[in-house]
>>> print(open('start_21.csv').read())   # CSV, N, CA and C atoms
chain,number,residue,atom,x,y,z
A,1,MET,N,67.6,17.0,36.6
A,1,MET,CA,66.9,16.2,35.6
A,1,MET,C,67.8,16.2,34.3
A,2,LYS,N,68.0,15.0,33.7
A,2,LYS,CA,68.8,14.8,32.6
A,2,LYS,C,68.0,14.1,31.5
A,3,ILE,N,68.5,14.3,30.2
A,3,ILE,CA,67.9,13.6,29.1
A,3,ILE,C,69.0,13.0,28.2
A,4,SER,N,68.8,11.8,27.8
A,4,SER,CA,69.6,11.1,26.8
A,4,SER,C,68.9,11.3,25.5
A,5,LEU,N,69.4,12.1,24.6
A,5,LEU,CA,68.7,12.5,23.4
A,5,LEU,C,69.4,11.9,22.1
A,6,THR,N,68.5,11.2,21.3
A,6,THR,CA,68.9,10.7,20.0
A,6,THR,C,68.6,11.7,19.0
A,7,ILE,N,69.6,12.3,18.4
A,7,ILE,CA,69.4,13.4,17.4
A,7,ILE,C,70.6,13.4,16.5
A,8,ALA,N,70.3,13.7,15.2
A,8,ALA,CA,71.4,13.7,14.2
A,8,ALA,C,72.5,14.8,14.7
A,9,LYS,N,73.7,14.5,14.4
A,9,LYS,CA,74.8,15.4,14.7
A,9,LYS,C,75.2,16.2,13.4
A,10,ASN,N,74.7,17.5,13.4
A,10,ASN,CA,75.1,18.4,12.3
A,10,ASN,C,75.0,19.8,12.8
A,11,LEU,N,75.3,20.7,11.9
A,11,LEU,CA,75.3,22.1,12.3
A,11,LEU,C,73.9,22.6,12.7
A,12,LEU,N,72.9,22.2,12.0
A,12,LEU,CA,71.5,22.6,12.4
A,12,LEU,C,71.1,22.1,13.8
A,13,THR,N,71.4,20.9,14.1
A,13,THR,CA,71.0,20.4,15.5
A,13,THR,C,71.9,21.0,16.5
A,14,GLN,N,73.1,21.2,16.2
A,14,GLN,CA,74.0,21.9,17.2
A,14,GLN,C,73.5,23.3,17.6
A,15,THR,N,73.1,24.0,16.6
A,15,THR,CA,72.6,25.4,16.9
A,15,THR,C,71.3,25.3,17.5
A,16,LEU,N,70.4,24.3,17.2
A,16,LEU,CA,69.1,24.2,17.8
A,16,LEU,C,69.3,23.9,19.3
A,17,LEU,N,70.2,23.0,19.7
A,17,LEU,CA,70.4,22.6,21.1
A,17,LEU,C,71.0,23.7,21.9
A,18,GLU,N,71.6,24.7,21.3
A,18,GLU,CA,72.1,25.9,22.0
A,18,GLU,C,71.0,26.9,22.3
A,19,GLN,N,69.9,26.8,21.7
A,19,GLN,CA,68.8,27.7,21.9
A,19,GLN,C,68.1,27.5,23.3
A,20,LYS,N,67.5,28.6,23.7
A,20,LYS,CA,66.6,28.5,24.9
A,20,LYS,C,65.2,28.3,24.5
A,21,GLU,N,64.4,27.6,25.4
A,21,GLU,CA,63.0,27.4,25.2
A,21,GLU,C,62.7,26.7,23.8
A,22,ILE,N,63.3,25.6,23.6
A,22,ILE,CA,63.1,24.8,22.3
A,22,ILE,C,61.7,24.2,22.4
A,23,PRO,N,60.8,24.4,21.4
A,23,PRO,CA,59.5,23.7,21.5
A,23,PRO,C,59.6,22.2,21.5
A,24,CYS,N,58.8,21.6,22.3
A,24,CYS,CA,58.9,20.1,22.4
A,24,CYS,C,57.6,19.5,22.8
A,25,LEU,N,57.5,18.2,22.8
A,25,LEU,CA,56.4,17.4,23.2
A,25,LEU,C,56.8,16.6,24.4
A,26,SER,N,56.2,16.7,25.5
A,26,SER,CA,56.5,15.9,26.7
A,26,SER,C,55.4,14.9,27.0
A,27,ARG,N,55.9,13.7,27.3
A,27,ARG,CA,54.9,12.6,27.6
A,27,ARG,C,55.5,11.8,28.8
A,28,ILE,N,54.6,11.7,29.8
A,28,ILE,CA,54.9,10.9,31.0
A,28,ILE,C,53.9,9.7,31.1
A,29,SER,N,54.4,8.5,31.2
A,29,SER,CA,53.5,7.4,31.4
A,29,SER,C,54.2,6.5,32.4
A,30,GLY,N,53.6,6.4,33.6
A,30,GLY,CA,54.1,5.5,34.6
A,30,GLY,C,55.5,6.0,35.0
A,31,ARG,N,56.5,5.1,34.7
A,31,ARG,CA,57.9,5.5,35.0
A,31,ARG,C,58.7,6.0,33.8
A,32,GLU,N,58.0,6.2,32.7
A,32,GLU,CA,58.7,6.7,31.5
A,32,GLU,C,58.4,8.1,31.3
A,33,PHE,N,59.4,8.9,30.9
A,33,PHE,CA,59.3,10.3,30.6
A,33,PHE,C,60.1,10.6,29.4
A,34,GLU,N,59.4,11.0,28.3
A,34,GLU,CA,60.0,11.2,27.0
A,34,GLU,C,59.8,12.7,26.6
A,35,ILE,N,60.8,13.3,26.0
A,35,ILE,CA,60.7,14.6,25.4
A,35,ILE,C,61.1,14.4,23.9
A,36,SER,N,60.2,14.9,23.0
A,36,SER,CA,60.4,14.8,21.6
A,36,SER,C,60.4,16.2,21.0
A,37,PHE,N,61.2,16.2,19.9
A,37,PHE,CA,61.2,17.4,19.0
A,37,PHE,C,60.5,16.9,17.7
A,38,ILE,N,59.6,17.6,17.2
A,38,ILE,CA,58.8,17.2,16.1
A,38,ILE,C,58.9,18.2,14.9
A,39,ASP,N,58.6,17.8,13.7
A,39,ASP,CA,58.6,18.7,12.6
A,39,ASP,C,57.9,20.0,12.8
A,40,PRO,N,58.4,21.1,12.6
A,40,PRO,CA,59.5,21.5,11.6
A,40,PRO,C,60.9,21.4,12.2
A,41,LEU,N,61.1,21.1,13.5
A,41,LEU,CA,62.4,20.9,14.1
A,41,LEU,C,63.0,19.6,13.6
A,42,PRO,N,64.3,19.4,13.7
A,42,PRO,CA,64.8,18.1,13.4
A,42,PRO,C,64.2,17.1,14.4
A,43,VAL,N,63.7,16.0,13.9
A,43,VAL,CA,63.0,15.0,14.6
A,43,VAL,C,63.9,14.3,15.6
A,44,ALA,N,63.6,14.3,16.9
A,44,ALA,CA,64.4,13.6,17.9
A,44,ALA,C,63.6,13.2,19.1
A,45,CYS,N,64.1,12.2,19.8
A,45,CYS,CA,63.3,11.8,21.0
A,45,CYS,C,64.4,11.4,22.1
A,46,GLY,N,64.0,11.7,23.3
A,46,GLY,CA,65.0,11.4,24.4
A,46,GLY,C,64.2,10.9,25.6
A,47,LYS,N,64.9,10.1,26.4
A,47,LYS,CA,64.4,9.6,27.7
A,47,LYS,C,65.0,10.5,28.8
A,48,VAL,N,64.1,10.9,29.7
A,48,VAL,CA,64.5,11.7,30.8
A,48,VAL,C,64.8,10.9,32.0
A,49,SER,N,65.8,11.2,32.8
A,49,SER,CA,66.2,10.5,34.0
A,49,SER,C,66.3,11.5,35.1
A,50,ASP,N,66.3,11.0,36.3
A,50,ASP,CA,66.5,11.8,37.6
A,50,ASP,C,65.3,12.8,37.7
A,51,TRP,N,64.1,12.2,37.5
A,51,TRP,CA,62.9,13.1,37.7
A,51,TRP,C,62.0,12.5,38.7
A,52,ASP,N,61.1,13.4,39.3
A,52,ASP,CA,60.3,13.0,40.4
A,52,ASP,C,58.8,13.3,40.0
A,53,GLY,N,58.0,12.2,39.7
A,53,GLY,CA,56.7,12.4,39.3
A,53,GLY,C,55.8,13.2,40.2
A,54,ARG,N,56.0,13.0,41.5
A,54,ARG,CA,55.2,13.8,42.5
A,54,ARG,C,55.5,15.3,42.3
A,55,LYS,N,56.8,15.7,42.2
A,55,LYS,CA,57.1,17.1,42.0
A,55,LYS,C,56.6,17.7,40.7
A,56,ILE,N,56.6,16.9,39.7
A,56,ILE,CA,56.0,17.3,38.4
A,56,ILE,C,54.5,17.6,38.6
A,57,ASN,N,53.8,16.6,39.2
A,57,ASN,CA,52.4,16.8,39.4
A,57,ASN,C,52.0,18.0,40.3
A,58,GLU,N,52.9,18.4,41.2
A,58,GLU,CA,52.7,19.6,41.9
A,58,GLU,C,52.8,20.9,41.1
A,59,ARG,N,53.5,20.8,40.0
A,59,ARG,CA,53.8,21.9,39.1
A,59,ARG,C,52.9,22.0,37.8
A,60,ALA,N,52.4,20.8,37.5
A,60,ALA,CA,51.5,20.7,36.3
A,60,ALA,C,50.5,19.6,36.5
A,61,PRO,N,49.2,20.0,36.5
A,61,PRO,CA,48.1,19.0,36.8
A,61,PRO,C,48.2,17.8,35.8
A,62,ALA,N,48.0,16.6,36.4
A,62,ALA,CA,48.0,15.4,35.6
A,62,ALA,C,46.6,15.3,34.9
A,63,TYR,N,46.6,14.6,33.8
A,63,TYR,CA,45.3,14.3,33.1
A,63,TYR,C,44.7,13.1,33.7
A,64,GLY,N,43.4,12.9,33.6
A,64,GLY,CA,42.7,11.7,34.1
A,64,GLY,C,42.5,10.8,32.9
A,65,GLY,N,42.7,9.5,33.1
A,65,GLY,CA,42.5,8.5,32.1
A,65,GLY,C,43.5,8.6,31.0
A,66,GLY,N,43.5,7.6,30.1
A,66,GLY,CA,44.4,7.6,29.0
A,66,GLY,C,45.8,7.0,29.4
A,67,SER,N,46.6,6.9,28.4
A,67,SER,CA,47.9,6.3,28.6
A,67,SER,C,49.0,7.1,29.3
A,68,TYR,N,48.8,8.4,29.2
A,68,TYR,CA,49.8,9.4,29.8
A,68,TYR,C,49.2,10.2,30.9
A,69,THR,N,50.0,10.4,31.9
A,69,THR,CA,49.6,11.4,33.0
A,69,THR,C,49.8,12.8,32.5
A,70,HIS,N,50.8,13.0,31.6
A,70,HIS,CA,51.1,14.3,31.0
A,70,HIS,C,51.4,14.0,29.5
A,71,ASP,N,50.8,14.7,28.7
A,71,ASP,CA,51.0,14.6,27.2
A,71,ASP,C,50.7,16.0,26.7
A,72,CYS,N,51.8,16.8,26.6
A,72,CYS,CA,51.6,18.2,26.3
A,72,CYS,C,52.8,18.8,25.6
A,73,PHE,N,52.5,20.0,25.0
A,73,PHE,CA,53.5,20.7,24.4
A,73,PHE,C,54.3,21.4,25.5
A,74,GLY,N,55.5,21.8,25.2
A,74,GLY,CA,56.4,22.4,26.2
A,74,GLY,C,57.5,23.2,25.6
A,75,LYS,N,58.4,23.7,26.5
A,75,LYS,CA,59.6,24.4,26.1
A,75,LYS,C,60.7,23.9,27.0
A,76,VAL,N,61.9,23.6,26.4
A,76,VAL,CA,63.0,23.1,27.1
A,76,VAL,C,64.3,23.8,26.7
A,77,SER,N,65.1,24.0,27.7
A,77,SER,CA,66.5,24.5,27.5
A,77,SER,C,67.5,23.5,28.0
A,78,LEU,N,68.5,23.2,27.2
A,78,LEU,CA,69.4,22.1,27.6
A,78,LEU,C,70.9,22.6,27.7
A,79,ALA,N,71.7,21.9,28.5
A,79,ALA,CA,73.1,22.2,28.6
A,79,ALA,C,73.8,20.8,28.4
A,80,PRO,N,74.8,20.8,27.4
A,80,PRO,CA,75.4,19.5,27.1
A,80,PRO,C,76.2,19.0,28.3
A,81,ILE,N,76.1,17.7,28.5
A,81,ILE,CA,77.0,17.0,29.6
A,81,ILE,C,78.1,16.2,28.8
A,82,ASP,N,77.7,15.2,28.1
A,82,ASP,CA,78.6,14.5,27.2
A,82,ASP,C,77.8,13.4,26.4
A,83,GLY,N,78.4,13.1,25.2
A,83,GLY,CA,77.9,12.1,24.4
A,83,GLY,C,76.4,11.9,24.3
A,84,GLY,N,75.6,12.9,23.9
A,84,GLY,CA,74.2,12.8,23.8
A,84,GLY,C,73.4,12.9,25.1
A,85,LYS,N,74.0,13.3,26.2
A,85,LYS,CA,73.4,13.5,27.4
A,85,LYS,C,73.4,15.0,27.7
A,86,TYR,N,72.2,15.5,28.2
A,86,TYR,CA,72.1,16.9,28.4
A,86,TYR,C,71.4,17.1,29.8
A,87,GLU,N,71.8,18.2,30.5
A,87,GLU,CA,71.1,18.7,31.7
A,87,GLU,C,69.9,19.5,31.2
A,88,ILE,N,68.7,19.3,31.8
A,88,ILE,CA,67.6,20.1,31.5
A,88,ILE,C,67.7,21.3,32.4
A,89,VAL,N,67.9,22.4,31.8
A,89,VAL,CA,68.1,23.7,32.6
A,89,VAL,C,66.8,24.3,32.9
A,90,ASP,N,65.9,24.4,31.9
A,90,ASP,CA,64.5,24.9,32.0
A,90,ASP,C,63.6,24.0,31.3
A,91,LEU,N,62.4,23.8,31.9
A,91,LEU,CA,61.3,23.0,31.3
A,91,LEU,C,60.0,23.6,31.7
A,92,SER,N,59.1,23.8,30.8
A,92,SER,CA,57.7,24.2,31.0
A,92,SER,C,56.8,23.3,30.2
A,93,PHE,N,55.6,23.0,30.8
A,93,PHE,CA,54.6,22.3,30.1
A,93,PHE,C,53.4,23.3,29.9
A,94,PHE,N,52.7,23.1,28.7
A,94,PHE,CA,51.5,23.8,28.5
A,94,PHE,C,50.3,22.9,28.8
A,95,ASN,N,49.6,23.4,29.8
A,95,ASN,CA,48.4,22.6,30.2
A,95,ASN,C,47.2,23.4,29.7
A,96,ARG,N,46.3,22.8,28.9
A,96,ARG,CA,45.2,23.5,28.3
A,96,ARG,C,44.2,24.1,29.3
A,97,ALA,N,44.2,23.6,30.5
A,97,ALA,CA,43.3,24.1,31.6
A,97,ALA,C,43.9,25.3,32.3
A,98,VAL,N,45.2,25.3,32.5
A,98,VAL,CA,45.8,26.4,33.4
A,98,VAL,C,46.9,27.2,32.7
A,99,GLY,N,47.3,26.8,31.4
A,99,GLY,CA,48.3,27.6,30.7
A,99,GLY,C,49.7,27.0,31.0
A,100,TRP,N,50.7,27.9,30.9
A,100,TRP,CA,52.1,27.4,31.1
A,100,TRP,C,52.4,27.1,32.6
A,101,CYS,N,53.1,25.9,32.7
A,101,CYS,CA,53.5,25.5,34.1
A,101,CYS,C,55.0,25.3,34.1
A,102,PRO,N,55.7,26.1,34.8
A,102,PRO,CA,57.1,25.9,34.9
A,102,PRO,C,57.5,24.7,35.8
A,103,ILE,N,58.2,23.8,35.2
A,103,ILE,CA,58.6,22.6,35.9
A,103,ILE,C,60.0,22.7,36.5
A,104,ILE,N,61.0,23.1,35.6
A,104,ILE,CA,62.4,23.3,36.0
A,104,ILE,C,62.8,24.7,35.6
A,105,ILE,N,63.4,25.4,36.6
A,105,ILE,CA,63.9,26.8,36.3
A,105,ILE,C,65.4,26.8,36.8
A,106,ASN,N,66.3,27.1,35.9
A,106,ASN,CA,67.7,27.1,36.2
A,106,ASN,C,68.2,25.8,36.9
A,107,GLY,N,67.7,24.7,36.4
A,107,GLY,CA,68.1,23.4,36.9
A,107,GLY,C,67.5,22.9,38.2
A,108,GLU,N,66.5,23.6,38.7
A,108,GLU,CA,65.8,23.3,39.9
A,108,GLU,C,64.3,23.2,39.7
A,109,TYR,N,63.6,22.4,40.5
A,109,TYR,CA,62.2,22.4,40.3
A,109,TYR,C,61.6,23.8,40.7
A,110,GLY,N,60.7,24.3,39.8
A,110,GLY,CA,60.1,25.6,40.0
A,110,GLY,C,59.1,25.6,41.2
A,111,PRO,N,58.4,26.7,41.4
A,111,PRO,CA,57.4,26.8,42.5
A,111,PRO,C,56.2,25.9,42.3
A,112,ILE,N,55.7,25.4,43.3
A,112,ILE,CA,54.5,24.6,43.3
A,112,ILE,C,53.4,25.4,42.8
A,113,GLY,N,52.6,24.8,41.9
A,113,GLY,CA,51.5,25.5,41.2
A,113,GLY,C,50.3,25.7,42.2
A,114,SER,N,49.5,26.7,41.9
A,114,SER,CA,48.2,27.0,42.6
A,114,SER,C,47.2,27.0,41.5
A,115,PHE,N,46.6,25.8,41.2
A,115,PHE,CA,45.7,25.7,40.0
A,115,PHE,C,44.3,26.0,40.2
A,116,TRP,N,43.7,25.5,41.3
A,116,TRP,CA,42.3,25.8,41.5
A,116,TRP,C,42.1,26.2,43.0
A,117,ASP,N,41.1,27.0,43.2
A,117,ASP,CA,40.8,27.3,44.6
A,117,ASP,C,40.3,26.1,45.4
A,118,GLU,N,40.7,25.9,46.6
A,118,GLU,CA,40.2,24.8,47.4
A,118,GLU,C,38.9,25.1,48.0
A,119,GLU,N,38.0,24.2,48.0
A,119,GLU,CA,36.7,24.4,48.6
A,119,GLU,C,36.8,24.6,50.1
A,120,GLU,N,36.0,25.4,50.7
A,120,GLU,CA,36.0,25.6,52.1
A,120,GLU,C,35.1,24.7,52.8
>>> encode(input="start_21.csv", output="structure tokens")
Amino acid sequence: MKISLTIAKNLLTQTLLEQKEIPCLSRISGREFEISFIDPLPVACGKVSDWDGRKINERAPAYGGGSYTHDCFGKVSLAPIDGGKYEIVDLSFFNRAVGWCPIIINGEYGPIGSFWDEEE
């Protein structure tokens, strides 16, 4: 999974992007997946590519109704590729019903979630 991130180039953002588990906002709508950094972080927004909606839904429950299937706070760790492109090394979503949902761990999709007991 990769992200093309539009962010100011300065010492503050350089050190931010080297951090692990950067707080973020993740939004998925249809075929669009955006990750944003919001105040008090330097404001930035990026489009995610090479992602699989089915695999994300297996790891974080989708919401019903509304514009987004996922619209949640999260944590992301990035590795630079080149010119504003980054590999997503780790990504977790916070789902208010089930808590933290690991999506990507060390560059690979994490374990499939077990959210609710199935009825017998």
>>> closest_residue(input="start_21.csv", among="A:Leu25, A:Met1, A:Ile88, A:Ala8", to="His70 in chain A", atoms="all atoms listed in the file")
A:Leu25
>>> atom_distance(input="start_21.csv", atom1="CA of Ala44 in chain A", atom2="CA of Phe94 in chain A")
19.6 Å
>>> residues_around(input="start_21.csv", residues="Pro42 in chain A", least_positions_apart="6", cutoff="8 Å", atoms="all atoms listed in the file", output="list of chain:residue names")
A:Ile7, A:Ala8, A:Leu12, A:Thr13, A:Leu16, A:Ser36
>>> atom_distance(input="start_21.csv", atom1="atom C of Glu34 in chain A", atom2="atom C of Gly46 in chain A")
4.9 Å
>>> select_by_dssp(input="start_21.csv", residues="chain A", states="helix (DSSP H, G or I)", output="list of chain:residue names")
A:Leu11, A:Leu12, A:Thr13, A:Gln14, A:Thr15, A:Leu16, A:Leu17, A:Gly53, A:Arg54, A:Lys55, A:Ile56, A:Asn57, A:Glu58, A:Arg59
>>> residues_near_point(input="start_21.csv", point="(55.7, 9.7, 33.2)", cutoff="8 Å", atoms="only C-alpha atoms", output="VMD selection string")
chain A and resid 27 to 34 53 68 to 70
>>> write_last_selection(input="start_21.csv", atoms="N, CA and C atoms", output="PDB file, in the coordinates of the input")
ATOM      1  N   ARG A  27      55.900  13.700  27.300  1.00  0.00           N
ATOM      2  CA  ARG A  27      54.900  12.600  27.600  1.00  0.00           C
ATOM      3  C   ARG A  27      55.500  11.800  28.800  1.00  0.00           C
ATOM      4  N   ILE A  28      54.600  11.700  29.800  1.00  0.00           N
ATOM      5  CA  ILE A  28      54.900  10.900  31.000  1.00  0.00           C
ATOM      6  C   ILE A  28      53.900   9.700  31.100  1.00  0.00           C
ATOM      7  N   SER A  29      54.400   8.500  31.200  1.00  0.00           N
ATOM      8  CA  SER A  29      53.500   7.400  31.400  1.00  0.00           C
ATOM      9  C   SER A  29      54.200   6.500  32.400  1.00  0.00           C
ATOM     10  N   GLY A  30      53.600   6.400  33.600  1.00  0.00           N
ATOM     11  CA  GLY A  30      54.100   5.500  34.600  1.00  0.00           C
ATOM     12  C   GLY A  30      55.500   6.000  35.000  1.00  0.00           C
ATOM     13  N   ARG A  31      56.500   5.100  34.700  1.00  0.00           N
ATOM     14  CA  ARG A  31      57.900   5.500  35.000  1.00  0.00           C
ATOM     15  C   ARG A  31      58.700   6.000  33.800  1.00  0.00           C
ATOM     16  N   GLU A  32      58.000   6.200  32.700  1.00  0.00           N
ATOM     17  CA  GLU A  32      58.700   6.700  31.500  1.00  0.00           C
ATOM     18  C   GLU A  32      58.400   8.100  31.300  1.00  0.00           C
ATOM     19  N   PHE A  33      59.400   8.900  30.900  1.00  0.00           N
ATOM     20  CA  PHE A  33      59.300  10.300  30.600  1.00  0.00           C
ATOM     21  C   PHE A  33      60.100  10.600  29.400  1.00  0.00           C
ATOM     22  N   GLU A  34      59.400  11.000  28.300  1.00  0.00           N
ATOM     23  CA  GLU A  34      60.000  11.200  27.000  1.00  0.00           C
ATOM     24  C   GLU A  34      59.800  12.700  26.600  1.00  0.00           C
ATOM     25  N   GLY A  53      58.000  12.200  39.700  1.00  0.00           N
ATOM     26  CA  GLY A  53      56.700  12.400  39.300  1.00  0.00           C
ATOM     27  C   GLY A  53      55.800  13.200  40.200  1.00  0.00           C
ATOM     28  N   TYR A  68      48.800   8.400  29.200  1.00  0.00           N
ATOM     29  CA  TYR A  68      49.800   9.400  29.800  1.00  0.00           C
ATOM     30  C   TYR A  68      49.200  10.200  30.900  1.00  0.00           C
ATOM     31  N   THR A  69      50.000  10.400  31.900  1.00  0.00           N
ATOM     32  CA  THR A  69      49.600  11.400  33.000  1.00  0.00           C
ATOM     33  C   THR A  69      49.800  12.800  32.500  1.00  0.00           C
ATOM     34  N   HIS A  70      50.800  13.000  31.600  1.00  0.00           N
ATOM     35  CA  HIS A  70      51.100  14.300  31.000  1.00  0.00           C
ATOM     36  C   HIS A  70      51.400  14.000  29.500  1.00  0.00           C
TER      37      HIS A  70
END
>>> select_by_dssp(input="start_21.csv", residues="range 22-113 of chain A", states="strand (DSSP E)", output="ChimeraX atom specification")
/A:22-29,32-37,44-49,70-82,85-95,99-105,108-109
>>> closest_atom_pairs(input="start_21.csv", of="range 4-81 of chain A", to="range 100-109 of chain A", cutoff="7 Å", atoms="only N, CA and C atoms", output="Markdown table")
| residue | atom | partner | partner_atom | distance |
| --- | --- | --- | --- | --- |
| A:Ile56 | CA | A:Ile103 | CA | 6.4 |
| A:Arg59 | C | A:Cys101 | CA | 5.1 |
| A:Ala60 | CA | A:Cys101 | CA | 5.6 |
>>> residues_around(input="start_21.csv", residues="Lys2 in chain A", least_positions_apart="5", cutoff="6 Å", atoms="all atoms listed in the file", output="PyMOL selection string")
chain A and resi 47-50+86-88
>>> write_last_selection(input="start_21.csv", atoms="N, CA and C atoms", output="PDB file, in the frame of the given file")
ATOM      1  N   LYS A  47      64.900  10.100  26.400  1.00  0.00           N
ATOM      2  CA  LYS A  47      64.400   9.600  27.700  1.00  0.00           C
ATOM      3  C   LYS A  47      65.000  10.500  28.800  1.00  0.00           C
ATOM      4  N   VAL A  48      64.100  10.900  29.700  1.00  0.00           N
ATOM      5  CA  VAL A  48      64.500  11.700  30.800  1.00  0.00           C
ATOM      6  C   VAL A  48      64.800  10.900  32.000  1.00  0.00           C
ATOM      7  N   SER A  49      65.800  11.200  32.800  1.00  0.00           N
ATOM      8  CA  SER A  49      66.200  10.500  34.000  1.00  0.00           C
ATOM      9  C   SER A  49      66.300  11.500  35.100  1.00  0.00           C
ATOM     10  N   ASP A  50      66.300  11.000  36.300  1.00  0.00           N
ATOM     11  CA  ASP A  50      66.500  11.800  37.600  1.00  0.00           C
ATOM     12  C   ASP A  50      65.300  12.800  37.700  1.00  0.00           C
ATOM     13  N   TYR A  86      72.200  15.500  28.200  1.00  0.00           N
ATOM     14  CA  TYR A  86      72.100  16.900  28.400  1.00  0.00           C
ATOM     15  C   TYR A  86      71.400  17.100  29.800  1.00  0.00           C
ATOM     16  N   GLU A  87      71.800  18.200  30.500  1.00  0.00           N
ATOM     17  CA  GLU A  87      71.100  18.700  31.700  1.00  0.00           C
ATOM     18  C   GLU A  87      69.900  19.500  31.200  1.00  0.00           C
ATOM     19  N   ILE A  88      68.700  19.300  31.800  1.00  0.00           N
ATOM     20  CA  ILE A  88      67.600  20.100  31.500  1.00  0.00           C
ATOM     21  C   ILE A  88      67.700  21.300  32.400  1.00  0.00           C
TER      22      ILE A  88
END
>>> residues_near_point(input="start_21.csv", point="(75.3, 9.6, 21.4)", cutoff="6.5 Å", atoms="all atoms listed in the file", output="list in words")
Leu5, Gly83, Gly84 and Lys85 of chain A
>>> atom_distance(input="start_21.csv", atom1="atom N of Leu17 in chain A", atom2="atom C of Trp51 in chain A")
23.2 Å
>>> closest_residue(input="start_21.csv", among="A:Cys45, A:Ser26, A:Gly66, A:Pro111", to="Asn95 in chain A", atoms="only C-alpha atoms")
A:Ser26
